[in-house]
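Remarks on the structure that follows.
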Amino acid sequence: MKIVEKIKNLIKTDKQEKTEGVSLKDLEPFLSNYGIDIDNIDRSTDLSETIYYICLKHLSETISKMPWELRILTQKKGKEKVPNSKLDSILNLRPNPYMTAATFWGTVELNKLHYGNAYIYIEADKNGFPKYLWLLPSNEVKIWVDNKGIFGRVNSIWYVWTDGRTRNRYSFEMDEIIHLKTHISFNGLSGVPIRDILKTQISSGKNSVGFLNKLYKSNMFGSKVLVHYTGELKQASEEKLVSKLENFSKTQGSGKFIPIPLGMQAQLLDMKLADAQFFENNKVSALQLAAAFGIKPNIINDYTKSSYSNSETQQVDFYVNTLQPLFKTYEQEISYKILSEKDINKGYRLEINEKILFKMDNKTQSEVFSKYLANFAMTPNEVREDLNLPYIDGGDTLLGNGSTINLENIGNQYNNKGGE
C-alpha cells in the first residue's frame, strides 16, 4: 500500500507526461494491478472545465481592454480629464518592460479570480513616483498582520513573497502592493477563490467531459458485458475467462466481435444519456457556475430563453451588477496606492473609461450625438473625441436650440421694447 500511495502522489504532482524517463503509459500494466486508472488521473487544473474557463476568459478580457484616465473633481467644472503622460504610459501602454497593458491587466484579473487575490508590486523611482508595476505569483504570497508591532507599527499589514524557485523571501509594506481580491472575503483582507466555493460544480463538469471522452473512445458502445451461462465454472476458470475477454476488448477495440465459449451469451450494459438526464444536469450546472461569476447565459452560448432584445438586457445587467462593482474595486485600490495623499486630497482619481463597452451602430451613434449637440450636452470636440477624430478650432462651445429657456425667464422676451 505504501508503494501504491507513493506512485499515486508521484503521478499527481507530475505535470509532465513522463516521470524520471518512464511515461505514464509504460506504467499502465503495473498501475492497473493496483486499481489505478491513468485515464482518471487529474493532471490538469480547474481551467480544463469549459464553463469555468469561459467565465475567467470573459472577465479577464473585459478588464484587459479597459482604458484608464486621470480625472479631477472640481466645484466649478465638475469632473475633468487630466492629461498625464507618465501615468498613462504605466496604466495604458507598458506597466513593465515585459508586458503590454492588455496582457498585464488580463493576467491580474485571471490571478485574482483563480487564486482569490492578485498582488502588484509598485516599483518607484528616486522621487517616489511609480516606475513599473510587477505582478507577483498569487500562490506564493502570504499576508502577515504585525499584531505585536515587531516591525515598528502595531497591526500593520505586510505582504511576504516566497520565491518558489530560489526559496528567497521578500517582504513588502502595505503601500508597496496593490492588492486586488475577489468579492468574497470573510475578513476583508484576503479574497476567497471562486473555484473553492464552486468545487462541486467544477468537478461535476470535468467528470462529465471525462465520461463523454470515454464514451467516444469506445465508439459509443457500453464498457461492460454481462455473460450468461447455464453451468458453473470454478474460480480459476472464471478469472481466466474474464481476463481473456478483457484483453481482447483492449487490443481489438470496441465494436469488434467478441469470441465466447459455446453456451454463453454476451449482453451489453449501457446507460443512455437521455435516461440519465445528462444534458439537462450539465446545463443546470453550467448556469449555476456562470451565475457565480455574474456571467449571463448568452455569454456561455445558452440562447434557449434569449432573444435579441433579451440579450441586450442581459448585457446591461452584466454591466450594472457585475462590471461596475469590479471597476469600482480596481479604481479605489489603484487610486489609493498609486496617487499621492496630496493628489487624493486635491480630488484626483484614477478611473476606468466605461464608454468603450457601449459601442453603437452608425445610425444609432449619429442620432445620439446629434441630440447631445443640439441640447447643450456635449461640445463638438467632445463628440469628435468619441469618434476618434482630431479637435477643431472653436469646437469647445456648447450648442443648442435657442427656443429652450429657463423657467425663471419665461415671458422676458415680451418685456423687451426695442432693446437688445
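Just so we're on the same page: first chain in the C-alpha cells is A, next is B, and so on; residues restart at 1 for each chain, and ligands are numbered from 1 in the order they show up.
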
Among the residues of range 75-199 of chain A, find those DSSP assigns to strand (DSSP E or B) from the backbone and print them as an NGL selection string.
-> :A and (78-81 or 96 or 99 or 117-124 or 130-136 or 141-146 or 156-162 or 169-173 or 177-181)

Contacts of Asp163 in chain A at 10 Å or less, counting only C-alpha atoms, minus same-chain residues fewer than 2 places along, as a count of residues only?
-> 12

Residue neighbourhood Gly106 in chain A, 8 Å, only C-alpha atoms, exclusion window fewer than 5 positions, as number ranges by chain | A: 60-64

How about saving the chosen residues, C-alpha atoms kept, as an mmCIF file, in the first residue's frame?
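out-v9.cif was written with the following content:
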data_model
loop_
_atom_site.group_PDB
_atom_site.id
_atom_site.type_symbol
_atom_site.label_atom_id
_atom_site.label_comp_id
_atom_site.auth_asym_id
_atom_site.auth_seq_id
_atom_site.Cartn_x
_atom_site.Cartn_y
_atom_site.Cartn_z
ATOM 1 C CA SER A 60 -10.087 38.898 -17.823
ATOM 2 C CA GLU A 61 -10.522 40.044 -21.441
ATOM 3 C CA THR A 62 -13.007 42.695 -20.311
ATOM 4 C CA ILE A 63 -10.512 44.136 -17.825
ATOM 5 C CA SER A 64 -7.657 43.927 -20.344
#

For His114 in chain A, list every protein, DNA or RNA residue within 7 Å, evaluated using only C-alpha atoms, and leave out those in the same chain fewer than 4 positions away; present the list as a list in words.
->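 Those residues are Leu110, Pro193, Ile194 and Arg195 of chain A.
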